[in-house]
Every structure is written in C-alpha cells, then in structure tokens.
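Just final.cif here, mmCIF, C-alpha atoms, pLDDT in the B column; chains and numbers go by the auth columns:
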data_upload
loop_
_atom_site.group_PDB
_atom_site.id
_atom_site.type_symbol
_atom_site.label_atom_id
_atom_site.label_comp_id
_atom_site.label_asym_id
_atom_site.label_seq_id
_atom_site.Cartn_x
_atom_site.Cartn_y
_atom_site.Cartn_z
_atom_site.B_iso_or_equiv
_atom_site.auth_seq_id
_atom_site.auth_asym_id
ATOM 1 C CA MET A 1 0.000 0.000 0.000 50.00 1 A
ATOM 2 C CA LYS A 2 2.795 2.404 0.928 45.00 2 A
ATOM 3 C CA LYS A 3 4.571 1.664 -2.343 44.00 3 A
ATOM 4 C CA ARG A 4 1.380 2.447 -4.273 47.00 4 A
ATOM 5 C CA ILE A 5 0.938 5.782 -2.480 42.00 5 A
ATOM 6 C CA ILE A 6 4.574 6.705 -3.156 40.00 6 A
ATOM 7 C CA SER A 7 4.116 5.758 -6.808 42.00 7 A
ATOM 8 C CA ILE A 8 0.987 7.940 -7.124 40.00 8 A
ATOM 9 C CA LEU A 9 2.683 10.920 -5.470 40.00 9 A
ATOM 10 C CA THR A 10 5.731 10.503 -7.700 38.00 10 A
ATOM 11 C CA THR A 11 3.505 10.441 -10.797 38.00 11 A
ATOM 12 C CA ILE A 12 1.696 13.602 -9.710 43.00 12 A
ATOM 13 C CA ALA A 13 5.014 15.349 -9.103 40.00 13 A
ATOM 14 C CA LEU A 14 6.265 14.352 -12.552 36.00 14 A
ATOM 15 C CA VAL A 15 3.081 15.590 -14.238 40.00 15 A
ATOM 16 C CA VAL A 16 3.304 18.945 -12.456 44.00 16 A
ATOM 17 C CA THR A 17 6.972 19.235 -13.427 38.00 17 A
ATOM 18 C CA MET A 18 6.188 18.476 -17.071 37.00 18 A
ATOM 19 C CA LEU A 19 3.345 20.994 -17.172 44.00 19 A
ATOM 20 C CA THR A 20 5.547 23.581 -15.535 42.00 20 A
ATOM 21 C CA THR A 21 8.206 23.095 -18.198 37.00 21 A
ATOM 22 C CA LEU A 22 5.759 23.124 -21.100 38.00 22 A
ATOM 23 C CA ILE A 23 3.228 25.811 -20.357 40.00 23 A
ATOM 24 C CA ILE A 24 4.231 28.017 -17.426 42.00 24 A
ATOM 25 C CA PRO A 25 6.396 31.122 -17.727 42.00 25 A
ATOM 26 C CA ALA A 26 9.373 30.075 -15.607 36.00 26 A
ATOM 27 C CA SER A 27 9.783 33.499 -14.037 40.00 27 A
ATOM 28 C CA ALA A 28 6.202 33.418 -12.782 41.00 28 A
ATOM 29 C CA LEU A 29 6.855 30.387 -10.593 44.00 29 A
ATOM 30 C CA ASP A 30 9.158 32.241 -8.230 40.00 30 A
ATOM 31 C CA ALA A 31 7.086 35.091 -6.906 48.00 31 A
ATOM 32 C CA SER A 32 9.405 35.765 -3.999 42.00 32 A
ATOM 33 C CA VAL A 33 7.893 38.839 -2.419 41.00 33 A
ATOM 34 C CA GLN A 34 8.407 41.240 0.433 40.00 34 A
ATOM 35 C CA ALA A 35 5.386 42.173 2.527 38.00 35 A
ATOM 36 C CA PRO A 36 4.195 45.766 2.101 39.00 36 A
ATOM 37 C CA GLU A 37 5.356 48.137 4.835 37.00 37 A
ATOM 38 C CA THR A 38 1.933 49.759 5.077 32.00 38 A
ATOM 39 C CA ALA A 39 -1.566 48.518 4.533 33.00 39 A
ATOM 40 C CA SER A 40 -3.396 49.406 1.339 39.00 40 A
ATOM 41 C CA SER A 41 -5.089 52.797 1.408 37.00 41 A
ATOM 42 C CA TYR A 42 -7.973 51.505 -0.701 39.00 42 A
ATOM 43 C CA CYS A 43 -11.403 51.271 0.870 47.00 43 A
ATOM 44 C CA LEU A 44 -12.372 47.660 0.252 42.00 44 A
ATOM 45 C CA SER A 45 -16.107 47.728 0.848 56.00 45 A
ATOM 46 C CA ASN A 46 -18.706 45.423 -0.686 82.00 46 A
ATOM 47 C CA ILE A 47 -16.545 42.312 -0.322 92.00 47 A
ATOM 48 C CA ILE A 48 -17.660 38.741 0.304 94.00 48 A
ATOM 49 C CA ASP A 49 -14.851 36.672 1.824 94.00 49 A
ATOM 50 C CA LEU A 50 -15.522 32.979 1.177 96.00 50 A
ATOM 51 C CA LYS A 51 -13.458 29.843 1.737 96.00 51 A
ATOM 52 C CA ASP A 52 -12.773 29.404 -1.972 97.00 52 A
ATOM 53 C CA SER A 53 -12.688 33.016 -3.148 98.00 53 A
ATOM 54 C CA VAL A 54 -13.014 36.706 -2.455 97.00 54 A
ATOM 55 C CA VAL A 55 -15.964 38.267 -4.292 97.00 55 A
ATOM 56 C CA TYR A 56 -15.905 41.977 -5.114 97.00 56 A
ATOM 57 C CA GLY A 57 -19.105 43.731 -6.147 95.00 57 A
ATOM 58 C CA ASP A 58 -22.773 42.858 -5.838 93.00 58 A
ATOM 59 C CA PRO A 59 -23.743 39.362 -7.021 92.00 59 A
ATOM 60 C CA GLU A 60 -27.404 40.401 -7.057 91.00 60 A
ATOM 61 C CA THR A 61 -27.122 43.331 -9.459 93.00 61 A
ATOM 62 C CA ALA A 62 -24.086 42.600 -11.648 96.00 62 A
ATOM 63 C CA THR A 63 -24.687 40.920 -15.004 97.00 63 A
ATOM 64 C CA THR A 64 -21.052 40.639 -16.132 98.00 64 A
ATOM 65 C CA GLY A 65 -18.496 38.638 -14.164 98.00 65 A
ATOM 66 C CA TYR A 66 -14.701 38.417 -14.213 98.00 66 A
ATOM 67 C CA ILE A 67 -13.005 35.370 -12.694 98.00 67 A
ATOM 68 C CA PHE A 68 -9.415 36.124 -11.655 99.00 68 A
ATOM 69 C CA TYR A 69 -6.568 33.629 -11.132 99.00 69 A
ATOM 70 C CA PRO A 70 -3.760 35.003 -8.898 98.00 70 A
ATOM 71 C CA GLY A 71 -0.061 34.918 -9.745 98.00 71 A
ATOM 72 C CA GLY A 72 2.211 32.060 -8.697 98.00 72 A
ATOM 73 C CA ASN A 73 2.958 31.937 -4.978 97.00 73 A
ATOM 74 C CA VAL A 74 0.708 34.949 -4.377 98.00 74 A
ATOM 75 C CA SER A 75 -2.452 34.837 -2.270 98.00 75 A
ATOM 76 C CA TYR A 76 -5.838 35.356 -3.904 98.00 76 A
ATOM 77 C CA LYS A 77 -6.417 38.048 -1.281 97.00 77 A
ATOM 78 C CA ASP A 78 -3.475 40.157 -2.475 98.00 78 A
ATOM 79 C CA TYR A 79 -5.223 41.821 -5.425 98.00 79 A
ATOM 80 C CA GLY A 80 -7.833 43.811 -3.532 96.00 80 A
ATOM 81 C CA PRO A 81 -7.089 47.317 -4.890 96.00 81 A
ATOM 82 C CA LEU A 82 -7.141 46.254 -8.556 98.00 82 A
ATOM 83 C CA LEU A 83 -10.141 43.959 -8.330 98.00 83 A
ATOM 84 C CA MET A 84 -12.211 46.358 -6.245 96.00 84 A
ATOM 85 C CA ALA A 85 -11.434 49.156 -8.716 97.00 85 A
ATOM 86 C CA ILE A 86 -12.787 46.941 -11.506 97.00 86 A
ATOM 87 C CA ALA A 87 -15.813 45.878 -9.453 97.00 87 A
ATOM 88 C CA GLN A 88 -16.679 49.486 -8.684 95.00 88 A
ATOM 89 C CA LYS A 89 -17.408 49.919 -12.391 96.00 89 A
ATOM 90 C CA GLY A 90 -20.387 47.611 -11.971 95.00 90 A
ATOM 91 C CA TYR A 91 -18.914 44.142 -12.438 97.00 91 A
ATOM 92 C CA LEU A 92 -18.748 41.053 -10.270 97.00 92 A
ATOM 93 C CA VAL A 93 -15.089 40.133 -9.756 98.00 93 A
ATOM 94 C CA ILE A 94 -14.048 36.827 -8.206 98.00 94 A
ATOM 95 C CA SER A 95 -10.510 36.175 -6.996 98.00 95 A
ATOM 96 C CA VAL A 96 -10.050 32.416 -6.783 98.00 96 A
ATOM 97 C CA ARG A 97 -8.233 30.644 -3.974 98.00 97 A
ATOM 98 C CA MET A 98 -5.723 28.210 -5.466 98.00 98 A
ATOM 99 C CA PRO A 99 -4.088 25.168 -3.841 98.00 99 A
ATOM 100 C CA LEU A 100 -0.690 26.220 -2.460 98.00 100 A
ATOM 101 C CA ASN A 101 -1.238 29.542 -4.299 98.00 101 A
ATOM 102 C CA PHE A 102 -0.542 27.964 -7.699 98.00 102 A
ATOM 103 C CA ALA A 103 -3.247 28.136 -10.363 98.00 103 A
ATOM 104 C CA ILE A 104 -1.754 25.173 -12.227 98.00 104 A
ATOM 105 C CA LEU A 105 -3.102 22.961 -9.452 98.00 105 A
ATOM 106 C CA ASN A 106 -6.734 23.867 -10.179 98.00 106 A
ATOM 107 C CA ILE A 107 -7.098 25.192 -13.714 98.00 107 A
ATOM 108 C CA PRO A 108 -10.813 24.138 -13.904 98.00 108 A
ATOM 109 C CA ALA A 109 -11.709 26.216 -10.815 98.00 109 A
ATOM 110 C CA ALA A 110 -13.656 28.838 -12.788 98.00 110 A
ATOM 111 C CA THR A 111 -16.468 26.386 -13.526 98.00 111 A
ATOM 112 C CA ILE A 112 -17.428 26.418 -9.842 98.00 112 A
ATOM 113 C CA PHE A 113 -18.242 30.115 -10.077 98.00 113 A
ATOM 114 C CA THR A 114 -19.971 30.141 -13.445 98.00 114 A
ATOM 115 C CA ASN A 115 -22.280 27.486 -11.990 97.00 115 A
ATOM 116 C CA ARG A 116 -22.727 29.303 -8.685 97.00 116 A
ATOM 117 C CA TYR A 117 -23.660 32.763 -9.961 97.00 117 A
ATOM 118 C CA LYS A 118 -26.506 31.980 -12.349 94.00 118 A
ATOM 119 C CA ASN A 119 -27.584 35.609 -12.758 93.00 119 A
ATOM 120 C CA ILE A 120 -24.344 36.532 -14.540 97.00 120 A
ATOM 121 C CA ASP A 121 -25.049 36.682 -18.263 96.00 121 A
ATOM 122 C CA THR A 122 -21.527 37.315 -19.503 98.00 122 A
ATOM 123 C CA TRP A 123 -18.305 35.810 -18.172 98.00 123 A
ATOM 124 C CA TYR A 124 -14.668 36.798 -18.597 98.00 124 A
ATOM 125 C CA ILE A 125 -11.668 35.030 -17.152 98.00 125 A
ATOM 126 C CA GLY A 126 -8.085 36.107 -16.642 98.00 126 A
ATOM 127 C CA GLY A 127 -5.362 36.623 -14.127 98.00 127 A
ATOM 128 C CA HIS A 128 -1.921 37.903 -13.266 98.00 128 A
ATOM 129 C CA SER A 129 1.339 36.315 -14.397 98.00 129 A
ATOM 130 C CA LEU A 130 1.128 32.521 -13.864 98.00 130 A
ATOM 131 C CA GLY A 131 -2.558 32.894 -13.055 98.00 131 A
ATOM 132 C CA GLY A 132 -3.082 34.613 -16.386 98.00 132 A
ATOM 133 C CA ALA A 133 -1.319 31.816 -18.243 98.00 133 A
ATOM 134 C CA MET A 134 -3.486 29.204 -16.543 98.00 134 A
ATOM 135 C CA SER A 135 -6.671 31.189 -17.155 98.00 135 A
ATOM 136 C CA ALA A 136 -5.785 31.185 -20.852 98.00 136 A
ATOM 137 C CA VAL A 137 -5.608 27.379 -20.731 98.00 137 A
ATOM 138 C CA TYR A 138 -9.111 27.359 -19.237 98.00 138 A
ATOM 139 C CA ALA A 139 -10.340 29.824 -21.861 98.00 139 A
ATOM 140 C CA GLY A 140 -9.115 27.562 -24.620 98.00 140 A
ATOM 141 C CA LEU A 141 -11.122 24.661 -23.202 98.00 141 A
ATOM 142 C CA HIS A 142 -14.285 26.637 -22.412 98.00 142 A
ATOM 143 C CA ALA A 143 -14.396 29.347 -25.056 98.00 143 A
ATOM 144 C CA ARG A 144 -18.097 28.798 -25.747 96.00 144 A
ATOM 145 C CA GLN A 145 -18.983 29.640 -22.150 97.00 145 A
ATOM 146 C CA LEU A 146 -16.856 32.798 -22.061 98.00 146 A
ATOM 147 C CA GLU A 147 -16.982 36.205 -23.650 98.00 147 A
ATOM 148 C CA GLY A 148 -13.307 36.897 -23.263 98.00 148 A
ATOM 149 C CA LEU A 149 -9.943 36.868 -21.519 98.00 149 A
ATOM 150 C CA ILE A 150 -8.240 39.660 -19.548 99.00 150 A
ATOM 151 C CA LEU A 151 -4.537 39.169 -18.820 98.00 151 A
ATOM 152 C CA PHE A 152 -2.230 41.128 -16.538 99.00 152 A
ATOM 153 C CA ALA A 153 1.493 40.655 -17.217 98.00 153 A
ATOM 154 C CA ALA A 154 0.840 37.277 -18.807 98.00 154 A
ATOM 155 C CA TYR A 155 0.606 35.492 -22.136 98.00 155 A
ATOM 156 C CA SER A 156 -1.184 32.471 -23.544 98.00 156 A
ATOM 157 C CA THR A 157 0.666 29.333 -24.562 97.00 157 A
ATOM 158 C CA SER A 158 -2.681 27.873 -25.652 97.00 158 A
ATOM 159 C CA ASP A 159 -3.698 28.658 -29.226 98.00 159 A
ATOM 160 C CA LEU A 160 -6.725 30.925 -28.933 98.00 160 A
ATOM 161 C CA SER A 161 -6.264 32.570 -32.324 98.00 161 A
ATOM 162 C CA ASN A 162 -9.360 30.949 -33.806 97.00 162 A
ATOM 163 C CA LYS A 163 -11.514 31.182 -30.695 98.00 163 A
ATOM 164 C CA ASP A 164 -14.429 33.595 -30.518 97.00 164 A
ATOM 165 C CA LEU A 165 -12.986 35.481 -27.548 98.00 165 A
ATOM 166 C CA ASP A 166 -12.400 39.151 -26.817 98.00 166 A
ATOM 167 C CA VAL A 167 -8.924 39.509 -25.335 98.00 167 A
ATOM 168 C CA LEU A 168 -7.255 42.312 -23.383 98.00 168 A
ATOM 169 C CA SER A 169 -3.568 42.117 -22.438 98.00 169 A
ATOM 170 C CA ILE A 170 -2.138 44.646 -19.978 98.00 170 A
ATOM 171 C CA TYR A 171 1.438 44.960 -18.723 98.00 171 A
ATOM 172 C CA GLY A 172 3.761 47.605 -17.343 98.00 172 A
ATOM 173 C CA SER A 173 6.650 49.052 -19.341 98.00 173 A
ATOM 174 C CA ASN A 174 8.997 48.510 -16.350 98.00 174 A
ATOM 175 C CA ASP A 175 8.039 44.867 -15.801 98.00 175 A
ATOM 176 C CA GLY A 176 11.156 42.895 -14.905 98.00 176 A
ATOM 177 C CA VAL A 177 9.440 39.547 -14.351 98.00 177 A
ATOM 178 C CA LEU A 178 7.401 39.070 -17.512 98.00 178 A
ATOM 179 C CA ASN A 179 9.526 37.353 -20.152 98.00 179 A
ATOM 180 C CA MET A 180 9.009 39.721 -23.071 98.00 180 A
ATOM 181 C CA GLU A 181 10.661 37.381 -25.566 98.00 181 A
ATOM 182 C CA LYS A 182 8.094 34.697 -24.737 98.00 182 A
ATOM 183 C CA TYR A 183 5.342 37.293 -24.593 98.00 183 A
ATOM 184 C CA GLU A 184 6.121 38.341 -28.161 98.00 184 A
ATOM 185 C CA SER A 185 6.582 34.806 -29.466 98.00 185 A
ATOM 186 C CA ASN A 186 3.201 33.780 -28.024 98.00 186 A
ATOM 187 C CA ARG A 187 1.346 36.845 -29.277 97.00 187 A
ATOM 188 C CA SER A 188 0.126 34.845 -32.285 98.00 188 A
ATOM 189 C CA ASN A 189 -1.802 32.586 -29.899 98.00 189 A
ATOM 190 C CA LEU A 190 -4.268 35.411 -29.323 98.00 190 A
ATOM 191 C CA PRO A 191 -7.016 36.449 -31.736 98.00 191 A
ATOM 192 C CA SER A 192 -6.031 39.178 -34.196 97.00 192 A
ATOM 193 C CA THR A 193 -8.550 41.465 -32.488 97.00 193 A
ATOM 194 C CA ALA A 194 -6.754 41.287 -29.128 98.00 194 A
ATOM 195 C CA VAL A 195 -6.234 44.652 -27.427 98.00 195 A
ATOM 196 C CA GLU A 196 -2.911 45.472 -25.780 98.00 196 A
ATOM 197 C CA VAL A 197 -2.375 48.173 -23.150 98.00 197 A
ATOM 198 C CA VAL A 198 1.109 49.076 -21.933 98.00 198 A
ATOM 199 C CA ILE A 199 1.152 51.084 -18.715 98.00 199 A
ATOM 200 C CA GLU A 200 4.106 53.459 -18.921 98.00 200 A
ATOM 201 C CA GLY A 201 6.142 53.283 -15.726 98.00 201 A
ATOM 202 C CA GLY A 202 4.210 50.335 -14.336 98.00 202 A
ATOM 203 C CA ASN A 203 5.913 47.140 -13.217 98.00 203 A
ATOM 204 C CA HIS A 204 4.932 43.534 -12.446 98.00 204 A
ATOM 205 C CA CYS A 205 4.133 43.510 -8.760 98.00 205 A
ATOM 206 C CA GLN A 206 2.013 46.662 -8.578 98.00 206 A
ATOM 207 C CA PHE A 207 -0.931 44.864 -10.159 98.00 207 A
ATOM 208 C CA GLY A 208 -1.091 43.156 -6.776 98.00 208 A
ATOM 209 C CA ASP A 209 -0.804 44.405 -3.226 97.00 209 A
ATOM 210 C CA TYR A 210 1.833 41.970 -1.989 97.00 210 A
ATOM 211 C CA GLY A 211 4.982 44.098 -1.878 96.00 211 A
ATOM 212 C CA PHE A 212 8.033 44.214 -4.138 97.00 212 A
ATOM 213 C CA GLN A 213 8.846 41.055 -6.077 96.00 213 A
ATOM 214 C CA ASP A 214 12.346 39.735 -6.636 96.00 214 A
ATOM 215 C CA GLY A 215 13.484 40.291 -10.209 97.00 215 A
ATOM 216 C CA ASP A 216 11.062 43.113 -10.883 98.00 216 A
ATOM 217 C CA ASN A 217 12.078 46.643 -11.843 98.00 217 A
ATOM 218 C CA GLU A 218 11.136 49.707 -9.858 98.00 218 A
ATOM 219 C CA ALA A 219 8.008 51.415 -11.088 98.00 219 A
ATOM 220 C CA THR A 220 8.074 55.116 -11.905 98.00 220 A
ATOM 221 C CA ILE A 221 4.385 55.527 -11.130 98.00 221 A
ATOM 222 C CA SER A 222 2.611 54.720 -7.878 98.00 222 A
ATOM 223 C CA ALA A 223 0.683 51.533 -7.279 98.00 223 A
ATOM 224 C CA ALA A 224 -2.495 53.609 -7.075 98.00 224 A
ATOM 225 C CA GLU A 225 -1.812 55.098 -10.513 98.00 225 A
ATOM 226 C CA GLN A 226 -1.076 51.702 -12.032 98.00 226 A
ATOM 227 C CA VAL A 227 -4.243 50.199 -10.574 98.00 227 A
ATOM 228 C CA ALA A 228 -6.366 53.129 -11.768 98.00 228 A
ATOM 229 C CA ILE A 229 -4.997 52.941 -15.318 98.00 229 A
ATOM 230 C CA ALA A 230 -5.458 49.168 -15.424 98.00 230 A
ATOM 231 C CA ALA A 231 -9.018 49.337 -14.076 98.00 231 A
ATOM 232 C CA ASP A 232 -9.950 52.068 -16.551 98.00 232 A
ATOM 233 C CA ALA A 233 -8.542 49.948 -19.401 98.00 233 A
ATOM 234 C CA VAL A 234 -10.629 46.984 -18.271 98.00 234 A
ATOM 235 C CA GLY A 235 -13.727 49.157 -17.947 97.00 235 A
ATOM 236 C CA ALA A 236 -13.277 50.554 -21.454 97.00 236 A
ATOM 237 C CA PHE A 237 -12.693 47.068 -22.815 98.00 237 A
ATOM 238 C CA LEU A 238 -15.820 45.640 -21.206 97.00 238 A
ATOM 239 C CA THR A 239 -18.063 48.481 -22.367 93.00 239 A
ATOM 240 C CA LYS A 240 -16.764 48.855 -25.919 81.00 240 A
#

Spell out the structure here as structure tokens.
Amino acid sequence: MKKRIISILTTIALVVTMLTTLIIPASALDASVQAPETASSYCLSNIIDLKDSVVYGDPETATTGYIFYPGGNVSYKDYGPLLMAIAQKGYLVISVRMPLNFAILNIPAATIFTNRYKNIDTWYIGGHSLGGAMSAVYAGLHARQLEGLILFAAYSTSDLSNKDLDVLSIYGSNDGVLNMEKYESNRSNLPSTAVEVVIEGGNHCQFGDYGFQDGDNEATISAAEQVAIAADAVGAFLTK
C-alpha cells in the first residue's frame, strides 16, 4: 500500500513538473515577495470573503463577471485594490483561492463560479502572471462559455487565435518579471482582435498588493496610478 501511495505521489510530481516546463512562464513560478510596509489605502467595501474566493461587487445586481486567477505563490487576497477598482465599475469580480497559491493545481476552478452565480449573463476570465497563463488554458477549453480573456502581465501558450474570444492584455513598461521574448513569441496565440495596453512606468508587482517582487524593476508611477490605469482599461474594454 505504501509503495502504491509513493508511486501515485511521484507520478503527480512528474506531471506537475512536465506541465511547468511546457506551459508556465518560468519566471512566474518564483514570486518571492516582500510584505508591504503599510496597509493598502484603498477602501475595500462590498466584499464577500468565502473559503474558496473573495468576491468583489454585488452578485445580485451585476450581469457581467470576471473570474481572476492570482499569480504564482501569491495569495488570492493580495489583489484587492485592482479587483475592487474593476468591481466598482459595476462588475462582479471573483478572486479564486488556489491550492498552495498555484493556479496550475486547479485550472478548472472557474467552472465552480460560473455554476454558482446563475444571474451573470456574460463571463470573462483572466489573471496575473502565472494565473493569467493558466486562465488562458481554461479559456481555450471553455471558449463557448466565455466572452473573453483579460490578462495582466501574462501570455497564452494555448492557441486561442481561432476562438471567438475578446482579449485584453495589460502589462507595465517597467516589468522585470514578464519574459518579453516569450510574450512576443506567443502573441500569435491570441485572436487578431486582441487589445494590448502598456502602462508606462508600471511594473509587475504593482498589479497586486503583496509588496516588491524579486526580479522586478522599480516602477516610476505609484501603485495607485497603475491600478487606476489598469481598471480604466478593463472598464473601457468591457463596455466597448
């Protein structure tokens, strides 16, 4: 029995390693971060804190939902300022709790929420860094159930070029973590209609609220500015 358990665990470890090599941006796996010195100044009202997610916005009145996968080794609770800013534009935003804070361990998670919130007519999925890459995998498998994909400092290794999806890709010009060579080489995986927004002076970690990330570059704009620009870009994209 013990040998069988060891064999199963070894197989799982090998599968995760293979997937990591094939489809995950390597830099996104090591989100070594420093805790912020001060708490966020954002007023995070209208939040539902559940065991499997944090829900921003009003589930009773929103008709469009955005399911968000967090970056590798980053808590689902560390994106409050960005996700609340998006929710305040009238959308339901769901930050998904991932096993061990790695979205690769539960790529199908979004289905739980599309089934739970029946009043949402239109669904988008996306995420930050590794979470964005994994959300793109989900989008490729469930394109018929989704309206689109919204990525922050991420790219898709799944071929979505022929999928009927609206896509928005946002990253900061000072991002030191996002592998731009891979970002460019995987651009063809997105539909030709994909919209790209580059936030001048923004970096990788300021999309979240988890402190400075090893390997990132210093931003030349504040986190509040980066969040506001990103949220406005998402709002414009969703209402176009």

Considering all atoms listed in the file, return as a PDB file with C-alpha atoms, keeping the file's coordinate frame whatever protein or nucleic-acid residues lie within 12 Å of Glu225 (chain A), sequence-local ones (same chain, fewer than 5 positions apart) excluded.
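Written file, selection.pdb:
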ATOM      1  CA  PRO A  81      -7.089  47.317  -4.890  1.00 96.00           C
ATOM      2  CA  LEU A  82      -7.141  46.254  -8.556  1.00 98.00           C
ATOM      3  CA  ALA A  85     -11.434  49.156  -8.716  1.00 97.00           C
ATOM      4  CA  GLY A 172       3.761  47.605 -17.343  1.00 98.00           C
ATOM      5  CA  ILE A 199       1.152  51.084 -18.715  1.00 98.00           C
ATOM      6  CA  GLU A 200       4.106  53.459 -18.921  1.00 98.00           C
ATOM      7  CA  GLY A 201       6.142  53.283 -15.726  1.00 98.00           C
ATOM      8  CA  GLY A 202       4.210  50.335 -14.336  1.00 98.00           C
ATOM      9  CA  ASN A 203       5.913  47.140 -13.217  1.00 98.00           C
ATOM     10  CA  GLN A 206       2.013  46.662  -8.578  1.00 98.00           C
ATOM     11  CA  PHE A 207      -0.931  44.864 -10.159  1.00 98.00           C
ATOM     12  CA  ALA A 219       8.008  51.415 -11.088  1.00 98.00           C
ATOM     13  CA  THR A 220       8.074  55.116 -11.905  1.00 98.00           C
ATOM     14  CA  ALA A 230      -5.458  49.168 -15.424  1.00 98.00           C
ATOM     15  CA  ALA A 231      -9.018  49.337 -14.076  1.00 98.00           C
ATOM     16  CA  ASP A 232      -9.950  52.068 -16.551  1.00 98.00           C
TER      17      ASP A 232
END

Quiz item: So how far away is CA of Ser158 (chain A) from CA of Asn186 (chain A), in Å?
Solution: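 One can read the CA of Asn186 (chain A) to CA of Ser158 (chain A) distance as 8.7 Å.
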
Quiz prompt | Chain and number of each residue from the PyMOL selection byres ((chain A and resi 155) around 6), as a ChimeraX atom specification | solution = /A:133,154,156,183

Quiz item: If we count only C-alpha atoms, what is near region 190-195 of chain A at a cut-off of 9 Å, once residues fewer than 2 positions away on the same chain are taken out, given as an NGL selection string?
Solution: :A and (155-156 or 158-170 or 186-188 or 197 or 237)

Exercise. For the file shown, report as number ranges by chain the outcome of the PyMOL selection byres ((chain A and resi 129) around 10) at residue level.
Key: A: 24-25, 27-29, 31, 69-72, 126-128, 130-135, 151-155, 171, 177-178, 204-205, 207

Exercise. State, in Å with one decimal place, the distance from CA of Lys118 (chain A) to CA of Asp78 (chain A).
Key: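 Separating CA of Lys118 (chain A) from CA of Asp78 (chain A) is a distance of 26.4 Å.
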
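Relative to CA of Gly148 (chain A), CA of Asp58 (chain A) is found at 20.7 Å.
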
Quiz item: For this file, the PyMOL selection byres ((chain A and resi 100-117) around 6) selects which residues, as a VMD selection string?
Solution: chain A and resid 72 to 75 98 to 99 118 to 120 131

Report, as AutoDock Vina command-line options, the centre and edge lengths in Å (one decimal) of the axis-aligned box enclosing every listed atom of region 159-170 of chain A, padded by 5 Å on each side.
--center_x -8.3 --center_y 36.7 --center_z -26.9 --size_x 22.3 --size_y 26.0 --size_z 23.8

Practice problem: Name the residues in contact with Asp216 (chain A) at a cut-off of 6 Å, using all atoms listed in the file, excluding same-chain residues fewer than 2 positions from it; report them as a PyMOL selection string. | Solution: chain A and resi 176-177+213-214

Exercise. Rank A:Thr64, A:Arg97, A:Ala139, A:Gly215 by their smallest atom-to-atom distance to Asn179 (chain A), using all atoms listed in the file, and report the top residue only.
Key: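 Among A:Thr64, A:Arg97, A:Ala139, A:Gly215, it is A:Gly215 that comes nearest to Asn179 (chain A).
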
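In terms of minimum interatomic distance to Leu92 (chain A), A:Tyr56 ranks closest within A:Tyr138, A:Phe68, A:Tyr76, A:Tyr56, counting only C-alpha atoms.
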